[in-house]
$ cat upload.txt   # compact mmCIF, N, CA and C atoms
# COMPACT_ATOMS: atom_id res chain seq x y z
N GLU A 55 0.84 -1.17 0.00
CA GLU A 55 0.00 0.00 0.00
C GLU A 55 0.90 1.24 0.00
N THR A 56 0.59 2.15 -0.87
CA THR A 56 1.37 3.37 -0.98
C THR A 56 0.77 4.46 -0.11
N SER A 57 1.63 5.16 0.60
CA SER A 57 1.12 6.20 1.50
C SER A 57 0.85 7.49 0.76
N THR A 58 0.06 8.35 1.37
CA THR A 58 -0.23 9.67 0.80
C THR A 58 1.05 10.47 0.65
N HIS A 59 1.95 10.33 1.61
CA HIS A 59 3.23 11.05 1.55
C HIS A 59 4.04 10.62 0.33
N GLU A 60 4.08 9.32 0.06
CA GLU A 60 4.83 8.82 -1.10
C GLU A 60 4.21 9.31 -2.40
N LEU A 61 2.88 9.34 -2.48
CA LEU A 61 2.22 9.84 -3.68
C LEU A 61 2.46 11.32 -3.88
N SER A 62 2.46 12.08 -2.80
CA SER A 62 2.74 13.51 -2.89
C SER A 62 4.17 13.74 -3.38
N GLU A 63 5.09 12.96 -2.89
CA GLU A 63 6.49 13.08 -3.32
C GLU A 63 6.63 12.74 -4.80
N LEU A 64 5.96 11.69 -5.25
CA LEU A 64 6.01 11.32 -6.66
C LEU A 64 5.39 12.41 -7.52
N ASP A 65 4.27 12.97 -7.10
CA ASP A 65 3.64 14.06 -7.84
C ASP A 65 4.60 15.24 -7.96
N PHE A 66 5.27 15.58 -6.88
CA PHE A 66 6.24 16.68 -6.90
C PHE A 66 7.38 16.39 -7.87
N ARG A 67 7.90 15.18 -7.84
CA ARG A 67 9.02 14.83 -8.74
C ARG A 67 8.58 14.85 -10.19
N LEU A 68 7.37 14.41 -10.48
CA LEU A 68 6.88 14.47 -11.86
C LEU A 68 6.75 15.91 -12.33
N LYS A 69 6.24 16.78 -11.49
CA LYS A 69 6.10 18.19 -11.85
C LYS A 69 7.45 18.85 -12.05
N ALA A 70 8.44 18.43 -11.28
CA ALA A 70 9.78 19.03 -11.38
C ALA A 70 10.55 18.51 -12.59
N ALA A 71 10.18 17.35 -13.09
CA ALA A 71 10.90 16.76 -14.23
C ALA A 71 10.58 17.54 -15.50
N ALA A 72 11.60 17.84 -16.25
CA ALA A 72 11.39 18.60 -17.49
C ALA A 72 11.18 17.66 -18.67
N PHE A 73 11.72 16.47 -18.61
CA PHE A 73 11.70 15.56 -19.74
C PHE A 73 10.55 14.56 -19.63
N ASN A 74 9.62 14.62 -20.57
CA ASN A 74 8.50 13.66 -20.66
C ASN A 74 7.72 13.52 -19.36
N ARG A 75 7.50 14.59 -18.65
CA ARG A 75 6.84 14.46 -17.35
C ARG A 75 5.39 14.04 -17.46
N ASP A 76 4.75 14.29 -18.60
CA ASP A 76 3.34 13.93 -18.75
C ASP A 76 3.14 12.54 -19.36
N THR A 77 4.21 11.89 -19.78
CA THR A 77 4.06 10.60 -20.44
C THR A 77 4.88 9.49 -19.80
N ARG A 78 5.35 9.69 -18.60
CA ARG A 78 6.19 8.67 -17.94
C ARG A 78 5.47 7.34 -17.78
N LEU A 79 4.23 7.38 -17.31
CA LEU A 79 3.48 6.15 -17.10
C LEU A 79 3.15 5.49 -18.43
N ARG A 80 2.82 6.26 -19.43
CA ARG A 80 2.53 5.73 -20.76
C ARG A 80 3.76 4.99 -21.30
N GLU A 81 4.93 5.57 -21.14
CA GLU A 81 6.16 4.92 -21.62
C GLU A 81 6.42 3.62 -20.87
N ALA A 82 6.16 3.60 -19.57
CA ALA A 82 6.35 2.38 -18.79
C ALA A 82 5.35 1.30 -19.23
N PHE A 83 4.11 1.68 -19.46
CA PHE A 83 3.10 0.72 -19.91
C PHE A 83 3.45 0.16 -21.29
N ASP A 84 3.97 0.99 -22.16
CA ASP A 84 4.32 0.52 -23.50
C ASP A 84 5.35 -0.61 -23.45
N LEU A 85 6.19 -0.62 -22.43
CA LEU A 85 7.20 -1.67 -22.29
C LEU A 85 6.60 -3.02 -21.88
N VAL A 86 5.46 -3.00 -21.20
CA VAL A 86 4.88 -4.24 -20.68
C VAL A 86 3.45 -4.50 -21.18
N LYS A 87 3.01 -3.74 -22.18
CA LYS A 87 1.60 -3.82 -22.59
C LYS A 87 1.18 -5.20 -23.09
N ASP A 88 2.10 -5.98 -23.62
CA ASP A 88 1.75 -7.31 -24.12
C ASP A 88 1.66 -8.34 -23.00
N ASP A 89 2.07 -7.96 -21.80
CA ASP A 89 2.06 -8.89 -20.66
C ASP A 89 0.75 -8.86 -19.88
N PHE A 90 -0.12 -7.87 -20.14
CA PHE A 90 -1.34 -7.69 -19.34
C PHE A 90 -2.53 -7.46 -20.24
N ASP A 91 -3.68 -7.99 -19.84
CA ASP A 91 -4.93 -7.72 -20.54
C ASP A 91 -5.64 -6.51 -19.94
N ILE A 92 -5.52 -6.35 -18.64
CA ILE A 92 -6.21 -5.27 -17.93
C ILE A 92 -5.25 -4.63 -16.94
N VAL A 93 -5.28 -3.31 -16.89
CA VAL A 93 -4.52 -2.56 -15.89
C VAL A 93 -5.49 -1.61 -15.21
N ILE A 94 -5.51 -1.64 -13.90
CA ILE A 94 -6.37 -0.74 -13.12
C ILE A 94 -5.47 0.21 -12.34
N ILE A 95 -5.72 1.49 -12.49
CA ILE A 95 -4.98 2.51 -11.77
C ILE A 95 -5.97 3.24 -10.88
N ASP A 96 -5.70 3.23 -9.61
CA ASP A 96 -6.58 3.90 -8.64
C ASP A 96 -5.89 5.19 -8.21
N ASN A 97 -6.41 6.31 -8.68
CA ASN A 97 -5.83 7.62 -8.36
C ASN A 97 -6.57 8.28 -7.21
N SER A 98 -5.92 9.28 -6.66
CA SER A 98 -6.56 10.10 -5.65
C SER A 98 -7.63 10.96 -6.32
N PRO A 99 -8.53 11.54 -5.56
CA PRO A 99 -9.59 12.34 -6.18
C PRO A 99 -9.11 13.73 -6.62
N PHE A 100 -7.81 13.99 -6.54
CA PHE A 100 -7.29 15.30 -6.90
C PHE A 100 -6.70 15.26 -8.30
N THR A 101 -6.85 16.34 -9.03
CA THR A 101 -6.24 16.44 -10.36
C THR A 101 -4.81 16.92 -10.17
N ASN A 102 -3.86 16.04 -10.45
CA ASN A 102 -2.46 16.37 -10.30
C ASN A 102 -1.65 15.66 -11.38
N ALA A 103 -0.35 15.71 -11.29
CA ALA A 103 0.51 15.10 -12.31
C ALA A 103 0.28 13.60 -12.40
N LEU A 104 0.01 12.95 -11.27
CA LEU A 104 -0.25 11.51 -11.29
C LEU A 104 -1.53 11.19 -12.05
N THR A 105 -2.56 11.98 -11.83
CA THR A 105 -3.83 11.78 -12.53
C THR A 105 -3.64 11.97 -14.03
N PHE A 106 -2.94 13.04 -14.41
CA PHE A 106 -2.72 13.30 -15.83
C PHE A 106 -1.89 12.19 -16.47
N ASN A 107 -0.89 11.68 -15.77
CA ASN A 107 -0.10 10.57 -16.29
C ASN A 107 -0.96 9.33 -16.50
N ALA A 108 -1.84 9.04 -15.56
CA ALA A 108 -2.72 7.88 -15.70
C ALA A 108 -3.65 8.04 -16.89
N MET A 109 -4.17 9.24 -17.10
CA MET A 109 -5.09 9.46 -18.21
C MET A 109 -4.36 9.42 -19.56
N THR A 110 -3.16 9.96 -19.63
CA THR A 110 -2.44 9.92 -20.91
C THR A 110 -1.89 8.53 -21.22
N ALA A 111 -1.81 7.67 -20.21
CA ALA A 111 -1.38 6.29 -20.46
C ALA A 111 -2.42 5.51 -21.26
N CYS A 112 -3.66 5.96 -21.24
CA CYS A 112 -4.74 5.31 -21.98
C CYS A 112 -4.83 5.95 -23.36
N HIS A 113 -4.07 5.44 -24.30
CA HIS A 113 -3.98 6.10 -25.59
C HIS A 113 -4.24 5.19 -26.78
N GLU A 114 -4.46 3.92 -26.55
CA GLU A 114 -4.68 3.01 -27.67
C GLU A 114 -6.17 2.73 -27.86
N ASP A 115 -6.53 2.29 -29.06
CA ASP A 115 -7.92 1.91 -29.33
C ASP A 115 -8.38 0.90 -28.30
N GLY A 116 -9.55 1.12 -27.75
CA GLY A 116 -10.11 0.20 -26.77
C GLY A 116 -9.77 0.55 -25.34
N ASP A 117 -8.80 1.44 -25.11
CA ASP A 117 -8.50 1.86 -23.74
C ASP A 117 -9.68 2.65 -23.19
N GLN A 118 -9.97 2.45 -21.93
CA GLN A 118 -11.10 3.13 -21.31
C GLN A 118 -10.67 3.77 -20.00
N ILE A 119 -11.28 4.89 -19.71
CA ILE A 119 -11.06 5.58 -18.45
C ILE A 119 -12.39 5.64 -17.72
N ILE A 120 -12.41 5.18 -16.49
CA ILE A 120 -13.61 5.22 -15.67
C ILE A 120 -13.32 6.19 -14.53
N ILE A 121 -14.18 7.20 -14.39
CA ILE A 121 -14.00 8.20 -13.34
C ILE A 121 -15.23 8.18 -12.45
N PRO A 122 -15.13 7.52 -11.29
CA PRO A 122 -16.27 7.54 -10.37
C PRO A 122 -16.37 8.90 -9.68
N ILE A 123 -17.58 9.40 -9.55
CA ILE A 123 -17.78 10.71 -8.92
C ILE A 123 -18.98 10.64 -7.99
N SER A 124 -19.05 11.59 -7.09
CA SER A 124 -20.28 11.73 -6.31
C SER A 124 -21.25 12.56 -7.14
N ILE A 125 -22.51 12.21 -7.05
CA ILE A 125 -23.51 12.90 -7.85
C ILE A 125 -23.99 14.14 -7.10
N ASP A 126 -23.18 15.16 -7.18
CA ASP A 126 -23.53 16.45 -6.62
C ASP A 126 -22.80 17.52 -7.43
N GLN A 127 -22.99 18.75 -7.08
CA GLN A 127 -22.42 19.85 -7.87
C GLN A 127 -20.89 19.77 -7.90
N PHE A 128 -20.25 19.48 -6.77
CA PHE A 128 -18.79 19.43 -6.73
C PHE A 128 -18.25 18.26 -7.55
N GLY A 129 -18.92 17.13 -7.48
CA GLY A 129 -18.50 15.98 -8.27
C GLY A 129 -18.60 16.26 -9.76
N MET A 130 -19.68 16.88 -10.19
CA MET A 130 -19.87 17.20 -11.60
C MET A 130 -18.87 18.26 -12.06
N GLU A 131 -18.61 19.26 -11.22
CA GLU A 131 -17.63 20.29 -11.58
C GLU A 131 -16.23 19.69 -11.67
N GLY A 132 -15.90 18.79 -10.76
CA GLY A 132 -14.60 18.13 -10.80
C GLY A 132 -14.43 17.28 -12.04
N LEU A 133 -15.48 16.57 -12.42
CA LEU A 133 -15.43 15.76 -13.64
C LEU A 133 -15.26 16.64 -14.87
N ASP A 134 -16.01 17.73 -14.92
CA ASP A 134 -15.90 18.66 -16.04
C ASP A 134 -14.49 19.22 -16.15
N TYR A 135 -13.91 19.63 -15.02
CA TYR A 135 -12.57 20.18 -15.00
C TYR A 135 -11.54 19.14 -15.46
N THR A 136 -11.66 17.92 -14.97
CA THR A 136 -10.74 16.85 -15.35
C THR A 136 -10.82 16.55 -16.84
N CYS A 137 -12.03 16.51 -17.38
CA CYS A 137 -12.20 16.24 -18.81
C CYS A 137 -11.64 17.38 -19.65
N LEU A 138 -11.82 18.60 -19.21
CA LEU A 138 -11.25 19.74 -19.94
C LEU A 138 -9.73 19.68 -19.96
N LEU A 139 -9.13 19.33 -18.85
CA LEU A 139 -7.66 19.20 -18.81
C LEU A 139 -7.18 18.11 -19.75
N TYR A 140 -7.90 17.00 -19.76
CA TYR A 140 -7.48 15.84 -20.56
C TYR A 140 -7.64 16.10 -22.06
N THR A 141 -8.66 16.84 -22.44
CA THR A 141 -8.93 17.04 -23.87
C THR A 141 -8.30 18.30 -24.44
N SER A 142 -7.77 19.18 -23.59
CA SER A 142 -7.15 20.40 -24.12
C SER A 142 -5.75 20.08 -24.63
N PRO A 143 -5.33 20.76 -25.71
CA PRO A 143 -4.00 20.46 -26.29
C PRO A 143 -2.86 20.84 -25.40
$ encode --input "upload.txt" --output "structure tokens"
Amino acid sequence: ETSTHELSELDFRLKAAAFNRDTRLREAFDLVKDDFDIVIIDNSPFTNALTFNAMTACHEDGDQIIIPISIDQFGMEGLDYTCLLYTSP
């Protein structure tokens, strides 16, 4: 189990990295993609570098992203914000 502190540290290091900081997870998955049928990534509910890396790792035909939300105004606004970040160039 990964601690919140470890995830925060990883998020900070990804943001500080200048080289391929948004595609690190995608590059790692590309190395092992033939070894797995399904990969599940459980992110924190915050939009950060780790979330963006997980979303950009889903880039091939058939890849799916499932974003569970609470059905209230904040959940819908968070989903809208996350989708805008993911789809903007």
$ atom_distance --input "upload.txt" --atom1 "atom C of Ala108 (chain A)" --atom2 "CA of Ser124 (chain A)"
20.1 Å
$ atom_distance --input "upload.txt" --atom1 "atom C of Glu131 (chain A)" --atom2 "atom C of Leu64 (chain A)"
23.2 Å
$ residues_near_point --input "upload.txt" --point "(-1.1, 15.3, -7.4)" --cutoff "9 Å" --atoms "only C-alpha atoms" --output "PyMOL selection string"
chain A and resi 61-66+69+98+100-106
$ write_last_selection --input "upload.txt" --atoms "N, CA and C atoms" --output "short mmCIF file (atom, residue, chain, number, x, y, z; two decimals), in the frame of the given file"
data_model
loop_
_atom_site.label_atom_id
_atom_site.label_comp_id
_atom_site.auth_asym_id
_atom_site.auth_seq_id
_atom_site.Cartn_x
_atom_site.Cartn_y
_atom_site.Cartn_z
N LEU A 61 2.88 9.34 -2.48
CA LEU A 61 2.22 9.84 -3.68
C LEU A 61 2.46 11.32 -3.88
N SER A 62 2.46 12.08 -2.80
CA SER A 62 2.74 13.51 -2.89
C SER A 62 4.17 13.74 -3.38
N GLU A 63 5.09 12.96 -2.89
CA GLU A 63 6.49 13.08 -3.32
C GLU A 63 6.63 12.74 -4.80
N LEU A 64 5.96 11.69 -5.25
CA LEU A 64 6.01 11.32 -6.66
C LEU A 64 5.39 12.41 -7.52
N ASP A 65 4.27 12.97 -7.10
CA ASP A 65 3.64 14.06 -7.84
C ASP A 65 4.60 15.24 -7.96
N PHE A 66 5.27 15.58 -6.88
CA PHE A 66 6.24 16.68 -6.90
C PHE A 66 7.38 16.39 -7.87
N LYS A 69 6.24 16.78 -11.49
CA LYS A 69 6.10 18.19 -11.85
C LYS A 69 7.45 18.85 -12.05
N SER A 98 -5.92 9.28 -6.66
CA SER A 98 -6.56 10.10 -5.65
C SER A 98 -7.63 10.96 -6.32
N PHE A 100 -7.81 13.99 -6.54
CA PHE A 100 -7.29 15.30 -6.90
C PHE A 100 -6.70 15.26 -8.30
N THR A 101 -6.85 16.34 -9.03
CA THR A 101 -6.24 16.44 -10.36
C THR A 101 -4.81 16.92 -10.17
N ASN A 102 -3.86 16.04 -10.45
CA ASN A 102 -2.46 16.37 -10.30
C ASN A 102 -1.65 15.66 -11.38
N ALA A 103 -0.35 15.71 -11.29
CA ALA A 103 0.51 15.10 -12.31
C ALA A 103 0.28 13.60 -12.40
N LEU A 104 0.01 12.95 -11.27
CA LEU A 104 -0.25 11.51 -11.29
C LEU A 104 -1.53 11.19 -12.05
N THR A 105 -2.56 11.98 -11.83
CA THR A 105 -3.83 11.78 -12.53
C THR A 105 -3.64 11.97 -14.03
N PHE A 106 -2.94 13.04 -14.41
CA PHE A 106 -2.72 13.30 -15.83
C PHE A 106 -1.89 12.19 -16.47
#
$ closest_atom_pairs --input "upload.txt" --of "region 93-117 of chain A" --to "region 76-88 of chain A" --cutoff "6 Å" --atoms "all atoms listed in the file" --output "Markdown table"
| residue | atom | partner | partner_atom | distance |
| --- | --- | --- | --- | --- |
| A:Phe106 | C | A:Asp76 | C | 5.8 |
| A:Asn107 | CA | A:Asp76 | C | 4.9 |
| A:Thr110 | C | A:Arg80 | CA | 5.3 |
| A:Ala111 | CA | A:Arg80 | CA | 4.0 |
